[in-house]
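Chemist: Below is the file upload.pdb, with PDB, C-alpha atoms.
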ATOM      1  CA  MET A   1       7.123 -12.440   7.437
ATOM      2  CA  SER A   2       5.391 -14.487   4.784
ATOM      3  CA  GLN A   3       1.743 -13.863   5.568
ATOM      4  CA  LEU A   4       0.097 -11.350   7.836
ATOM      5  CA  PHE A   5      -3.568 -11.941   7.111
ATOM      6  CA  SER A   6      -5.457 -14.910   5.863
ATOM      7  CA  ASP A   7      -8.983 -16.189   5.793
ATOM      8  CA  THR A   8     -10.369 -12.843   4.707
ATOM      9  CA  VAL A   9     -12.897 -13.564   1.999
ATOM     10  CA  VAL A  10     -13.677 -10.842  -0.487
ATOM     11  CA  GLY A  11     -15.327 -10.908  -3.824
ATOM     12  CA  SER A  12     -16.254  -8.903  -6.822
ATOM     13  CA  ASN A  13     -18.956  -9.745  -9.329
ATOM     14  CA  GLN A  14     -16.661 -12.250 -11.041
ATOM     15  CA  THR A  15     -14.238 -13.493  -8.368
ATOM     16  CA  LYS A  16     -14.217 -14.835  -4.869
ATOM     17  CA  GLY A  17     -11.301 -15.994  -2.805
ATOM     18  CA  THR A  18      -9.132 -15.456   0.222
ATOM     19  CA  VAL A  19      -6.993 -12.358   0.583
ATOM     20  CA  CYS A  20      -3.514 -12.945   1.971
ATOM     21  CA  ILE A  21      -1.080 -10.135   2.680
ATOM     22  CA  ARG A  22       2.601 -10.957   2.396
ATOM     23  CA  ALA A  23       5.959  -9.312   1.887
ATOM     24  CA  ALA A  24       7.103  -8.873  -1.705
ATOM     25  CA  ASN A  25      10.283 -10.476  -2.978
ATOM     26  CA  ALA A  26      12.429 -10.361  -6.108
ATOM     27  CA  CYS A  27      10.201 -12.884  -7.881
ATOM     28  CA  ASP A  28       7.244 -10.469  -7.780
ATOM     29  CA  VAL A  29       8.442  -7.924 -10.379
ATOM     30  CA  GLU A  30       6.437  -9.348 -13.287
ATOM     31  CA  SER A  31       3.261  -9.865 -11.240
ATOM     32  CA  LEU A  32       3.552  -6.373  -9.758
ATOM     33  CA  SER A  33       4.037  -4.915 -13.234
ATOM     34  CA  ILE A  34       0.883  -6.701 -14.415
ATOM     35  CA  TYR A  35      -0.962  -5.374 -11.349
ATOM     36  CA  PHE A  36       0.151  -1.765 -12.003
ATOM     37  CA  THR A  37      -0.860  -2.114 -15.669
ATOM     38  CA  GLY A  38      -4.315  -3.313 -14.596
ATOM     39  CA  LEU A  39      -5.001  -0.246 -12.466
ATOM     40  CA  SER A  40      -7.264   2.318 -14.075
ATOM     41  CA  THR A  41      -5.587   5.515 -15.215
ATOM     42  CA  THR A  42      -7.243   7.320 -12.308
ATOM     43  CA  SER A  43      -6.002   4.799  -9.721
ATOM     44  CA  ARG A  44      -2.497   4.805 -11.197
ATOM     45  CA  ASN A  45      -2.421   8.614 -11.117
ATOM     46  CA  LYS A  46      -3.551   8.620  -7.485
ATOM     47  CA  ARG A  47      -0.974   5.997  -6.452
ATOM     48  CA  PHE A  48       1.966   7.696  -8.165
ATOM     49  CA  MET A  49       0.620  11.278  -7.825
ATOM     50  CA  GLY A  50       0.818  11.732 -11.574
ATOM     51  CA  ALA A  51       0.710   9.916 -14.876
ATOM     52  CA  ARG A  52       3.179   7.039 -15.167
ATOM     53  CA  ALA A  53       3.370   4.642 -18.081
ATOM     54  CA  ASP A  54       6.639   2.894 -17.179
ATOM     55  CA  VAL A  55       5.006   0.273 -14.936
ATOM     56  CA  ALA A  56       7.664  -2.399 -15.498
ATOM     57  CA  LEU A  57      10.338   0.018 -14.299
ATOM     58  CA  LEU A  58       8.169   1.055 -11.346
ATOM     59  CA  ALA A  59       7.685  -2.570 -10.315
ATOM     60  CA  ALA A  60      11.409  -3.288 -10.594
ATOM     61  CA  GLU A  61      12.273  -0.182  -8.543
ATOM     62  CA  CYS A  62       9.761  -1.118  -5.841
ATOM     63  CA  VAL A  63      11.013  -4.677  -5.466
ATOM     64  CA  ALA A  64      14.711  -3.688  -5.688
ATOM     65  CA  LYS A  65      14.466  -1.808  -2.395
ATOM     66  CA  VAL A  66      13.061  -4.684  -0.330
ATOM     67  CA  SER A  67      16.553  -5.808   0.639
ATOM     68  CA  HIS A  68      17.017  -2.574   2.625
ATOM     69  CA  PRO A  69      16.200  -3.257   6.306
ATOM     70  CA  ASP A  70      13.905  -0.214   6.644
ATOM     71  CA  HIS A  71      11.995  -0.670   3.386
ATOM     72  CA  PHE A  72       9.310  -3.186   2.586
ATOM     73  CA  ILE A  73       6.479  -3.825   0.191
ATOM     74  CA  LEU A  74       3.379  -5.731   1.161
ATOM     75  CA  LEU A  75       1.222  -7.391  -1.464
ATOM     76  CA  ALA A  76      -2.422  -8.325  -1.092
ATOM     77  CA  GLU A  77      -3.108 -11.453  -3.113
ATOM     78  CA  LEU A  78      -6.435 -12.973  -3.988
ATOM     79  CA  ARG A  79      -6.004 -16.730  -3.730
ATOM     80  CA  GLN A  80      -8.704 -18.740  -5.401
ATOM     81  CA  GLU A  81      -9.660 -22.381  -4.936
ATOM     82  CA  GLU A  82      -8.138 -23.323  -8.291
ATOM     83  CA  GLY A  83      -4.721 -22.369  -6.899
ATOM     84  CA  GLN A  84      -4.555 -19.103  -8.824
ATOM     85  CA  SER A  85      -3.068 -16.097  -7.082
ATOM     86  CA  THR A  86      -3.497 -12.500  -8.260
ATOM     87  CA  ILE A  87      -2.098  -9.297  -6.755
ATOM     88  CA  ILE A  88      -4.996  -7.009  -5.853
ATOM     89  CA  GLY A  89      -3.148  -4.427  -3.760
ATOM     90  CA  GLU A  90       0.271  -3.184  -2.720
ATOM     91  CA  THR A  91       1.789  -0.843  -0.202
ATOM     92  CA  ARG A  92       5.347   0.466  -0.199
ATOM     93  CA  TYR A  93       6.960   1.598   3.054
ATOM     94  CA  ALA A  94      10.305   3.366   3.524
ATOM     95  CA  TYR A  95      11.687   4.597   6.827
ATOM     96  CA  ASP A  96      13.535   7.925   6.854
ATOM     97  CA  ALA A  97      15.903   7.881   9.844
ATOM     98  CA  GLY A  98      16.590  11.618   9.546
ATOM     99  CA  ALA A  99      12.913  12.563   9.640
ATOM    100  CA  ARG A 100      12.208   9.732  12.127
ATOM    101  CA  TYR A 101       9.120   8.444  10.351
ATOM    102  CA  GLY A 102       8.149   5.937   7.711
ATOM    103  CA  ASP A 103       6.566   7.080   4.476
ATOM    104  CA  PHE A 104       4.121   4.911   2.571
ATOM    105  CA  ALA A 105       2.106   4.659  -0.625
ATOM    106  CA  ILE A 106      -0.767   2.271  -1.249
ATOM    107  CA  SER A 107      -3.033   1.091  -4.042
ATOM    108  CA  VAL A 108      -5.853  -1.404  -4.397
ATOM    109  CA  ALA A 109      -7.185  -2.824  -7.666
ATOM    110  CA  ASP A 110     -10.246  -0.894  -8.758
ATOM    111  CA  VAL A 111     -12.680  -3.816  -8.450
ATOM    112  CA  PHE A 112     -11.540  -4.464  -4.844
ATOM    113  CA  GLN A 113     -11.726  -0.882  -3.603
ATOM    114  CA  ARG A 114     -14.152  -0.216  -0.728
ATOM    115  CA  LYS A 115     -14.070  -3.859   0.375
ATOM    116  CA  GLY A 116     -11.659  -3.449   3.323
ATOM    117  CA  VAL A 117      -8.484  -4.550   1.531
ATOM    118  CA  GLY A 118      -6.797  -1.138   1.861
ATOM    119  CA  LEU A 119      -7.495  -0.947   5.593
ATOM    120  CA  GLN A 120      -6.168  -4.496   6.098
ATOM    121  CA  MET A 121      -3.005  -3.571   4.211
ATOM    122  CA  MET A 122      -2.532  -0.390   6.249
ATOM    123  CA  ASN A 123      -2.975  -2.325   9.503
ATOM    124  CA  ALA A 124      -0.424  -4.933   8.369
ATOM    125  CA  MET A 125       2.008  -2.186   7.333
ATOM    126  CA  GLU A 126       1.647  -0.446  10.698
ATOM    127  CA  ARG A 127       2.300  -3.679  12.621
ATOM    128  CA  HIS A 128       5.347  -4.468  10.518
ATOM    129  CA  ALA A 129       6.749  -0.931  10.968
ATOM    130  CA  SER A 130       6.049  -1.033  14.707
ATOM    131  CA  ASP A 131       7.779  -4.422  14.970
ATOM    132  CA  ARG A 132      10.859  -2.713  13.490
ATOM    133  CA  GLY A 133      10.748  -0.068  16.233
ATOM    134  CA  HIS A 134       9.336   2.734  14.113
ATOM    135  CA  GLU A 135       7.139   5.209  15.947
ATOM    136  CA  MET A 136       5.429   7.228  13.214
ATOM    137  CA  ILE A 137       4.100   6.736   9.687
ATOM    138  CA  ALA A 138       3.289   9.516   7.254
ATOM    139  CA  ALA A 139       2.081   9.956   3.691
ATOM    140  CA  GLU A 140       1.299  12.690   1.257
ATOM    141  CA  THR A 141      -1.683  12.578  -1.063
ATOM    142  CA  ALA A 142      -3.398  14.920  -3.461
ATOM    143  CA  ARG A 143      -6.073  17.082  -1.866
ATOM    144  CA  ALA A 144      -8.432  15.792  -4.553
ATOM    145  CA  ASN A 145      -7.842  12.151  -3.494
ATOM    146  CA  ALA A 146     -10.866  11.847  -1.226
ATOM    147  CA  GLU A 147     -10.612   8.038  -1.179
ATOM    148  CA  MET A 148      -7.109   8.043   0.314
ATOM    149  CA  ARG A 149      -7.962  10.766   2.792
ATOM    150  CA  GLY A 150     -11.017   8.760   3.898
ATOM    151  CA  LEU A 151      -9.028   5.531   4.222
ATOM    152  CA  ALA A 152      -6.310   7.301   6.200
ATOM    153  CA  LYS A 153      -8.872   8.861   8.537
ATOM    154  CA  LYS A 154     -10.492   5.451   9.081
ATOM    155  CA  ALA A 155      -7.033   4.060   9.930
ATOM    156  CA  GLY A 156      -6.404   6.828  12.494
ATOM    157  CA  PHE A 157      -4.209   9.198  10.482
ATOM    158  CA  GLU A 158      -4.493  12.937  10.960
ATOM    159  CA  ASP A 159      -3.830  15.868   8.651
ATOM    160  CA  THR A 160      -0.614  17.483   9.919
ATOM    161  CA  GLY A 161      -1.237  20.792   8.170
ATOM    162  CA  LEU A 162       2.099  20.443   6.358
ATOM    163  CA  GLY A 163       0.549  20.038   2.922
ATOM    164  CA  ASP A 164       0.130  22.769   0.354
ATOM    165  CA  TRP A 165      -2.749  23.845  -1.868
ATOM    166  CA  GLN A 166      -2.464  20.598  -3.867
ATOM    167  CA  SER A 167      -1.530  18.057  -1.219
ATOM    168  CA  VAL A 168      -2.383  16.815   2.247
ATOM    169  CA  HIS A 169       0.271  15.446   4.628
ATOM    170  CA  LEU A 170      -1.080  12.668   6.877
ATOM    171  CA  ALA A 171       0.604  11.111   9.918
ATOM    172  CA  LYS A 172      -0.042   8.601  12.677
ATOM    173  CA  ARG A 173       1.861   7.608  15.808
ATOM    174  CA  LEU A 174       2.283   3.875  16.115
ATOM    175  CA  ALA A 175       1.427   1.951  19.256
ATOM    176  CA  ARG A 176       4.390   0.124  20.708
TER     177      ARG A 176
END
Could you write out this file's structure as structure tokens?
Modeler:
Amino acid sequence: MSQLFSDTVVGSNQTKGTVCIRAANACDVESLSIYFTGLSTTSRNKRFMGARADVALLAAECVAKVSHPDHFILLAELRQEEGQSTIIGETRYAYDAGARYGDFAISVADVFQRKGVGLQMMNAMERHASDRGHEMIAAETARANAEMRGLAKKAGFEDTGLGDWQSVHLAKRLAR
């Protein structure tokens, strides 16, 4: 799987280009580290459910697991006419055979939030998980993370009621 989406044009005040979603590989550690560093403190806290400063280690850990058959990372890249490519989003997926569902985490660069990139990434992740025979995806997010809860609802996820006073557990059955 090299590219799941293409020809999706998005832009911010300064940039325009085509968003392509592809699987991460071992060569992406440095670019992913730069991406994580570029997230605002708020976005980084929401993605990792707490403060994390060790972004190089996080990027290396994320990419190290892509060789496992039930783990993958998808990257959203903004490809510009000049041939430049910049990571503007990522989602990590890991299947838990014991629990019989895949767990995911997602982030989108601050300037590209609310432009449809997150929903495109979630749709690509769901298709890839379904292609692997997985039947359910779940995630946990902070109750205060209204953006993630809204995105998940838009993507068809439901609150399972398994969260606590600080978190919400979201799940969705995948179409096969």
Chemist: Between A:Arg79, A:Lys172, A:Arg44, A:Arg22, which is the closest to A:Met121 once you count only C-alpha atoms?
Modeler: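 With only C-alpha atoms as the atom set, the closest residue is A:Arg22.
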Chemist: So which residues fall inside 9 Å of (0.7, 14.7, 4.0) if we count all atoms listed in the file? Mind giving them as a list in words?
Modeler: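 Returned residue set, sorted by chain then number, is Ala138, Ala139, Glu140, Thr141, Ala142, Glu158, Asp159, Thr160, Gly161, Leu162, Gly163, Asp164, Ser167, Val168, His169, Leu170 and Ala171 of chain A.
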Chemist: Measuring between only C-alpha atoms, which one of A:Asp103, A:Asp70, A:Asp110, A:Asp131 shows the shortest distance to A:Ile88?
Modeler: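 Closest candidate: A:Asp110.
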Chemist: For the file shown, report as a PyMOL selection string the outcome of the PyMOL selection byres ((chain A and resi 75-78) around 7) at residue level.
Modeler: chain A and resi 17-24+73-74+79-80+85-91
Chemist: Running the PyMOL selection byres ((chain A and resi 94) around 8) on this model by hand, what would come out? Give it as a list in words.
Modeler: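 This file gives the following for the PyMOL selection byres ((chain A and resi 94) around 8): Asp70, His71, Phe72, Arg92, Tyr93, Tyr95, Asp96, Gly102, Asp103 and Phe104 of chain A.
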Chemist: Choose the residue, out of A:Val63, A:Ala56, A:Met136, A:Ala152, that has the smallest atom-to-atom separation from A:Ile106; count all atoms listed in the file.
Modeler: A:Ala152
Chemist: Quick check, in Å to one decimal: how far apart do atom CA of A:Lys46 and atom CA of A:Glu126 lie?
Modeler: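 Atom-to-atom, atom CA of A:Lys46 to atom CA of A:Glu126, that is 21.0 Å.
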Chemist: Do a neighbour search on A:Leu58 at 10 Å with only C-alpha atoms, toss out local chain neighbours closer than 6 positions, and write the hits as a CSV table (one decimal) with C-alpha atoms, keeping the file's coordinate frame.
Modeler:
chain,number,residue,atom,x,y,z
A,29,VAL,CA,8.4,-7.9,-10.4
A,32,LEU,CA,3.6,-6.4,-9.8
A,33,SER,CA,4.0,-4.9,-13.2
A,36,PHE,CA,0.2,-1.8,-12.0
A,48,PHE,CA,2.0,7.7,-8.2
A,52,ARG,CA,3.2,7.0,-15.2
A,64,ALA,CA,14.7,-3.7,-5.7
Chemist: Choose the residue, out of A:Ala97, A:Ala109, A:Ala59, A:Val66, that has the smallest atom-to-atom separation from A:Leu39; count all atoms listed in the file.
Modeler: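 The closest residue to A:Leu39 is A:Ala109.
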Chemist: If you measure from atom CA of A:Asp54 to atom CA of A:Tyr101, what distance in Å do you get, rounded to one decimal?
Modeler: 28.2 Å
Chemist: If you measure from atom CA of A:Pro69 to atom CA of A:Gly116, what distance in Å do you get, rounded to one decimal?
Modeler: 28.0 Å
Chemist: Can you pull out every residue within 12 Å of A:Gly150, counting only C-alpha atoms, but drop anything in the same chain fewer than 2 positions away, and send it as JSON, numbers by chain?
Modeler: {"A": [114, 118, 119, 141, 143, 144, 145, 146, 147, 148, 152, 153, 154, 155, 156, 157, 158, 159, 168, 170]}
Chemist: For A:His68, which residue out of A:Gln166, A:Gln84, A:Thr37, A:Asn25 is the nearest one, using all atoms listed in the file?
Modeler: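 Result for the nearest residue to A:His68: A:Asn25.
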